[in-house]
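Asks: After the structure tokens below, expect a handful of questions from me.
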There are 2 protein chains.
Amino acid sequence: MNNQLILIIDDEPQIRKLLSINLESHAFKHIEAENGEIGLKMAMSHNPDLILLDIGLPDISGQEVLKKLRTWFQKPILILSVMDSEEEIIKALDNGANDYLTKPFRAGELMARIRSTLRRNSNLETKDELLEFDDLSINFDSRIIKRNDEILKLTATEYNLLSLFMKNEGRVLTHQYILKEIWGVGHQTDTQYLRVFVGTLRKKIEENPLKPKHIITESGIGYRFC
Amino acid sequence: MNNQLILIIDDEPQIRKLLSINLESHAFKHIEAENGEIGLKMAMSHNPDLILLDIGLPDISGQEVLKKLRTWFQKPILILSVMDSEEEIIKALDNGANDYLTKPFRAGELMARIRSTLRRNSNLETKDELLEFDDLSINFDSRIIKRNDEILKLTATEYNLLSLFMKNEGRVLTHQYILKEIWGVGHQTDTQYLRVFVGTLRKKIEENPLKPKHIITESGIGYRFC
DNA sequence: TTCTTCTTTACATTTTCTTTATACTTTAAT
DNA sequence: ATTAAAGTATAAAGAAAATGTAAAGAAGAA
């Protein structure tokens, strides 16, 4: 369900261990870096969805790592630190940190802050899941099927059926399988439903419904979408 | 230079005074509310760029105020609280708070967190403050919707619903989703609300409410705005 | 109070789904 | 190639579900 990647940059193995356990129990994937240089490289190569950055690193100062990351890394960075100095906090926030937690931090709160930050940031990505065929296209995100750039007016069942076909382009789907997917178990013998709906769909998507090019009948078996 | 407006919702006058001084010295404009109810109204009427919300309010619980705000208010909300309980913090963050500071807080840190939050948020919103469609336009900043350059008189709920539609132009929104967004969880079966409000909206924005061009019914699923 | 807005109820209307009837097509055995 | 059997297509009617509209009651603000 939750396959977001989090990069931990911290030199203390016991802190990394603690974070690992908590992240895993919240179904986050994670990777670890034990100093600033490795951290910068891993951020580059793995492009994580969020970075947990310790300020007190052995090689480069955490503030420096933060500044370097912010030259290209747009996603959230949360600072963890033993230093509770106000000056340090202000500097980190002004350097582009999304949050600053003082160690020892409470695991539950940290997880909530990670969730909160990720939630806000994920709102922005709106990549449409789109499939295109000859003259047909389906946008699963907006739930719209177009034919020659014209929106098709489909009922809920028609949409479900056509999207099932489109998800399985080129594959023969048996009557039983389609009936189970669209009408649920218990309707697997109602092949007449299917005939009626395939009929109406063909009228809407085929140039010549008598010689269908998209929804092909496989007699005795089922249908195939092209 | 800095003409962003901040709403303070806090019942303690001395805290409000302290915040005022600090905000003013950082060139922020601000308004004050002494309880939750007034706070909600001021948020509605003044549409601030950020809200500082105290959790311990005399009338409504701050968590409730937060939830109500989040049904329509997208901009940052920072929680201030004397309660340092982890449970309370997690609840607030999961209710949509951007940050949670425990009183007594350090003024410099608070200002840095406000700056940091506003900086992040200003990057995202600048482009979609104004949207235009055929004969309709919405200004999210001033909360004004016009039809043929004439300001539409809409109730709060009508505005929220129409702006949700406009934000999701071309996308099919399910009944459930709309109900959750406008009325909150727990009202996801009240589809009748939706029918009534879609009806009144159509009367206000459609040339011919019997043949709607903007709010399209997707029977069995929801609605789509064009 | 009076006014506005929201919620609820009742019923009309529209759309979609299911079922039936019948015609047509494919398959495979003679 | 014929023919019967099985499978498929289409129209259309009735049933069911979803939607639209008006209006009354409730709640809250001015």
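Letters A, B, ... mark the chains of the structure tokens in the order given; residue numbers begin at 1 per chain; ligand numbers begin at 1, in order shown.
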Can you work out which residues from chain A touch chain C at a cut-off of 10 Å (counting only C-alpha atoms (C1' of nucleotides)) and hand them back as an MDAnalysis selection string?

Replies: chainID A and resid 155:157 192:193 219:220

Asks: Pull the strand (DSSP E or B) assignments for stretch 3-203 of chain B out of DSSP run on the backbone, and list those residues as a PyMOL selection string.

Replies: chain B and resi 5-9+29-33+50-54+77-81+99-102+130-132+136-139+144-147+150-151+172-174

Asks: Could you check the closest approach to B:Asp54 for each of B:Ile38, B:Ile145, B:Val82, B:Leu131 and tell me which residue wins, using only C-alpha atoms?

Replies: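 Among the listed residues, B:Val82 lies closest to B:Asp54.
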
Asks: Please return, as a PyMOL selection string, all residues of chain B lying within 12 Å of chain A when only C-alpha atoms are considered.

Replies: chain B and resi 74-76+84-101+105-121+123-125+168-174+216-226

Asks: Show me, as a VMD selection string, the residues of chain D whose atoms get within 10 Å of chain A, using only C-alpha atoms (C1' of nucleotides) for the distance check.

Replies: chain D and resid 6 to 10

Asks: Just to be explicit: take each residue in the selection above, keep C-alpha atoms (C1' of nucleotides), and write the result as a short mmCIF file (atom, residue, chain, number, x, y, z; two decimals), in the first residue's frame.

Replies:
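Below is the file part-v9.cif, written as the result:
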```cif
data_model
loop_
_atom_site.label_atom_id
_atom_site.label_comp_id
_atom_site.auth_asym_id
_atom_site.auth_seq_id
_atom_site.Cartn_x
_atom_site.Cartn_y
_atom_site.Cartn_z
"C1'" DA D 6 -25.35 -24.41 -29.74
"C1'" DG D 7 -24.10 -19.99 -29.30
"C1'" DT D 8 -24.69 -14.92 -30.33
"C1'" DA D 9 -27.08 -10.38 -31.47
"C1'" DT D 10 -30.73 -6.98 -31.15
#
```

Asks: Pull the alpha helix (DSSP H) assignments for stretch 147-226 of chain A out of DSSP run on the backbone, and list those residues as a count of residues only.

Replies: 36

Asks: Using only C-alpha atoms (C1' of nucleotides), which protein or nucleic acid residues come within 10 Å of A:Leu152? Drop anything in the same chain fewer than 5 positions from it, and give the result as an NGL selection string.

Replies: :A and (136 or 144-147 or 159 or 204-205)

Asks: Measure the distance from atom CA of B:Asn160 to atom CA of B:Ser61 in Å and round it to one decimal.

Replies: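 Interatomic distance here is 23.5 Å.
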
Asks: Which polymer residues have any atom within 10 Å of an atom of A:Ile31, counting only C-alpha atoms (C1' of nucleotides), with same-chain residues fewer than 6 positions away left out, as an mmCIF file with C-alpha atoms, in the first residue's frame?

Replies:
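Done, and the output landed in out37.cif:
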```
data_model
loop_
_atom_site.group_PDB
_atom_site.id
_atom_site.type_symbol
_atom_site.label_atom_id
_atom_site.label_comp_id
_atom_site.auth_asym_id
_atom_site.auth_seq_id
_atom_site.Cartn_x
_atom_site.Cartn_y
_atom_site.Cartn_z
ATOM 1 C CA LEU A 5 10.938 5.721 0.222
ATOM 2 C CA ILE A 6 12.608 7.490 3.122
ATOM 3 C CA LEU A 7 16.327 8.226 3.394
ATOM 4 C CA ILE A 8 17.872 8.305 6.870
ATOM 5 C CA ILE A 9 21.112 10.251 7.198
ATOM 6 C CA ARG A 16 19.087 4.339 12.628
ATOM 7 C CA SER A 20 14.109 1.581 10.843
ATOM 8 C CA GLY A 39 23.710 10.713 2.225
ATOM 9 C CA MET A 42 22.086 8.232 -1.961
ATOM 10 C CA ALA A 43 19.663 11.120 -2.291
ATOM 11 C CA HIS A 46 17.568 6.856 -5.055
ATOM 12 C CA PRO A 48 13.653 9.377 -1.921
ATOM 13 C CA ILE A 51 14.831 12.685 4.025
#
```

Asks: Take atom CA of B:Leu57 and atom CA of B:Asp10 and report the distance between them in Å, one decimal.

Replies: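 These atoms are spaced 6.7 Å apart.
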
Asks: Mind pulling up the distance from atom CA of A:Asp128 to atom CA of A:Leu50?

Replies: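 Taking atom CA of A:Leu50 and atom CA of A:Asp128, their separation equals 22.4 Å.
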